[in-house]
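**Q** Quick one: the structure is below, questions incoming.
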Amino acid sequence: MSSSSANLNQALLSQVMGFLREGNMRRALALGFSEDELRTLRRLRASDIDSLACAGPVVARFSVDHAALRGVLARIDRDQDRETLIDRCLRLGASVSMMGAFFGLTGNDCSTRRQLLGIAPRQGRLAMPSEKAEHDAWERWQHIALDPKATDDLQGMVTLAEETDIPLAVVWHLVKQWVDPGQPRTAPPAEEWASPEGER
């Protein structure tokens with residue numbers, strides 16, 4: 001028997017014996033053993049189990065749980081997409097408060113990522129766009145956004161920032177003002193632009 005087969009046998013038998021010692025028959029049965037086989041295994045000594053794993057024929061074979069594999073791969077894809085989007089937002093000038101709102105990142109998280117991406121710390125406030133530039137951005141937003149009245153359409157805001165060269169944090173601020181035109185037409189609060197501690 002090959003060493004890989006012996007290792008697989010050993011791993012399976014160790015697992016099932018652990019379940020039997022715990023009295024967890026349901027999980028032991030889920031490994032593929034019958035009730036008669038489990039009763040026989042319970043009577044074996046540790047040395048008998050070792051002999052079964054190392055000297056006997058292959059009692060375990062690999063199989064693929066395709067549904068579980070698809071689920072894991074899908075989660076990995078989502079994680080990769082999230083990491084890519086985070087880096088993209090930071091490169092486009094997202095503020096700390098924006099990254100916290102959409103991704104739960106702290107100021108230190110943003111600082112570390114910016115350093116890794118080679119993004120220089122911002123100094124002071126970013127300039128708001130001119131009236132014409134804002135109007136053009138608003139017109140474009142009506143076509144880009146899935147819902148022009150939604151302030152959580154991050155993908156739409158990323159696209160708008162890329163097309164207009166307006167920093168992403170400014171785009172977010174503008175979108176919130178467009179959705180609620182009754183609020184004062186002010187620049188974003190200073191904290192939106194302040195570099196997090198450790199980034200200065």
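We name chains A, B, ... following the order of the structure tokens; residues begin at 1 in each chain, and ligands are numbered from 1 as shown.
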Can I get the residues of range 163-183 of chain A within 12 Å of range 85-94 of chain A, each with the closest pair of atoms and their distance in Å to one decimal, using only C-alpha atoms, sorted chain first then ascending number, as a Markdown table?
**A**
| residue | atom | partner | partner_atom | distance |
| --- | --- | --- | --- | --- |
| A:Glu163 | CA | A:Leu92 | CA | 10.8 |
| A:Thr164 | CA | A:Leu92 | CA | 10.8 |
| A:Asp165 | CA | A:Leu92 | CA | 8.2 |
| A:Ile166 | CA | A:Leu92 | CA | 8.3 |
| A:Pro167 | CA | A:Gly93 | CA | 4.8 |
| A:Leu168 | CA | A:Ala94 | CA | 4.9 |
| A:Ala169 | CA | A:Ala94 | CA | 4.5 |
| A:Val170 | CA | A:Ala94 | CA | 8.1 |
| A:Val171 | CA | A:Ala94 | CA | 9.0 |
| A:Trp172 | CA | A:Ala94 | CA | 8.5 |
| A:His173 | CA | A:Ala94 | CA | 10.6 |
**Q** Quick one: pick out all helix (DSSP H, G or I) residues within range 40-158 of chain A from a backbone DSSP run and write them as a ChimeraX atom specification.
**A** /A:40-43,46-54,66-91,96-103,107-117,131-144,154-158
**Q** Considering only C-alpha atoms, state which residue in the set A:Leu174, A:Ala145, A:Leu116, A:Leu44 is at the smallest distance from Ser130 in chain A.
**A**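 The answer is A:Leu174, which sits nearest to Ser130 in chain A.
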**Q** Show me, as a list in words, the residues that have an atom within 9 Å of range 11-28 of chain A when counting only C-alpha atoms, minus same-chain residues fewer than 5 positions from it.
**A**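 The filter keeps Ala6, Phe33, Ser34, Glu35, Leu38, Leu41, Arg42, Ile49, Asp50, Leu52, Ala53, Val59 and Ala60 of chain A.
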**Q** Export, as a PDB file, in the first residue's frame, the selected residues with N, CA and C atoms.
**A**
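Result written to result.pdb:
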ATOM      1  N   ALA A   6      -2.125   4.814   3.055  1.00  0.00           N
ATOM      2  CA  ALA A   6      -2.051   4.549   4.487  1.00  0.00           C
ATOM      3  C   ALA A   6      -2.431   5.795   5.281  1.00  0.00           C
ATOM      4  N   PHE A  33     -19.626   4.743   6.961  1.00  0.00           N
ATOM      5  CA  PHE A  33     -19.606   3.430   7.583  1.00  0.00           C
ATOM      6  C   PHE A  33     -21.019   2.947   7.872  1.00  0.00           C
ATOM      7  N   SER A  34     -21.185   1.617   7.870  1.00  0.00           N
ATOM      8  CA  SER A  34     -22.466   1.044   8.272  1.00  0.00           C
ATOM      9  C   SER A  34     -22.472   0.860   9.789  1.00  0.00           C
ATOM     10  N   GLU A  35     -23.651   0.608  10.353  1.00  0.00           N
ATOM     11  CA  GLU A  35     -23.747   0.410  11.798  1.00  0.00           C
ATOM     12  C   GLU A  35     -22.976  -0.840  12.220  1.00  0.00           C
ATOM     13  N   LEU A  38     -19.308  -0.024  12.348  1.00  0.00           N
ATOM     14  CA  LEU A  38     -18.983   0.803  13.511  1.00  0.00           C
ATOM     15  C   LEU A  38     -18.945  -0.034  14.786  1.00  0.00           C
ATOM     16  N   LEU A  41     -15.642  -1.829  14.707  1.00  0.00           N
ATOM     17  CA  LEU A  41     -14.520  -0.931  14.973  1.00  0.00           C
ATOM     18  C   LEU A  41     -14.414  -0.580  16.457  1.00  0.00           C
ATOM     19  N   ARG A  42     -15.550  -0.454  17.126  1.00  0.00           N
ATOM     20  CA  ARG A  42     -15.539  -0.096  18.548  1.00  0.00           C
ATOM     21  C   ARG A  42     -14.858  -1.161  19.394  1.00  0.00           C
ATOM     22  N   ILE A  49      -6.333  -0.948  15.091  1.00  0.00           N
ATOM     23  CA  ILE A  49      -6.662   0.170  14.204  1.00  0.00           C
ATOM     24  C   ILE A  49      -5.438   0.550  13.377  1.00  0.00           C
ATOM     25  N   ASP A  50      -4.269   0.586  14.010  1.00  0.00           N
ATOM     26  CA  ASP A  50      -3.037   0.906  13.293  1.00  0.00           C
ATOM     27  C   ASP A  50      -2.757  -0.127  12.208  1.00  0.00           C
ATOM     28  N   LEU A  52      -4.969  -1.988  10.689  1.00  0.00           N
ATOM     29  CA  LEU A  52      -5.970  -1.813   9.636  1.00  0.00           C
ATOM     30  C   LEU A  52      -5.594  -0.658   8.716  1.00  0.00           C
ATOM     31  N   ALA A  53      -5.075   0.411   9.287  1.00  0.00           N
ATOM     32  CA  ALA A  53      -4.721   1.587   8.496  1.00  0.00           C
ATOM     33  C   ALA A  53      -3.494   1.354   7.640  1.00  0.00           C
ATOM     34  N   VAL A  59      -9.172   1.327   2.527  1.00  0.00           N
ATOM     35  CA  VAL A  59     -10.559   1.328   2.980  1.00  0.00           C
ATOM     36  C   VAL A  59     -11.225   2.683   2.751  1.00  0.00           C
ATOM     37  N   ALA A  60     -10.441   3.664   2.358  1.00  0.00           N
ATOM     38  CA  ALA A  60     -10.972   5.007   2.103  1.00  0.00           C
ATOM     39  C   ALA A  60     -10.498   5.500   0.758  1.00  0.00           C
TER      40      ALA A  60
END
**Q** Report, in Å with one decimal, the straight-line distance from CA of Arg39 in chain A to CA of Ala68 in chain A.
**A**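 Computed distance, CA of Arg39 in chain A to CA of Ala68 in chain A, equals 29.7 Å.
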**Q** Go ahead and compute the interatomic distance for CA of Pro121 in chain A and CA of His135 in chain A, in Å to one decimal.
**A**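 Atom-to-atom, CA of Pro121 in chain A to CA of His135 in chain A, that is 28.7 Å.
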**Q** Tell me which protein, DNA and RNA residues are within 8 Å of Pro148 in chain A, counting only C-alpha atoms, leaving out same-chain ones fewer than 4 positions away, and put them as an MDAnalysis selection string.
**A** chainID A and resid 141:142 179
**Q** Let me make sure I understand: among A:Leu117, A:Leu126, A:Leu8, A:Met98, which one has the smallest atom-to-atom distance to Lys176 in chain A if we use only C-alpha atoms?
**A**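 Among the listed residues, the smallest separation from Lys176 in chain A belongs to A:Met98.
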**Q** Expressed in Å to a single decimal, how great is the separation between CA of Ala133 in chain A and CA of Thr159 in chain A?
**A**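 Distance between the two atoms: 15.5 Å.
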**Q** Let me make sure I understand: among A:Val175, A:Ala30, A:Ala74, A:Ala127, which one has the smallest atom-to-atom distance to Lys149 in chain A if we use only C-alpha atoms?
**A**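 For Lys149 in chain A, the nearest of the given residues is A:Val175.
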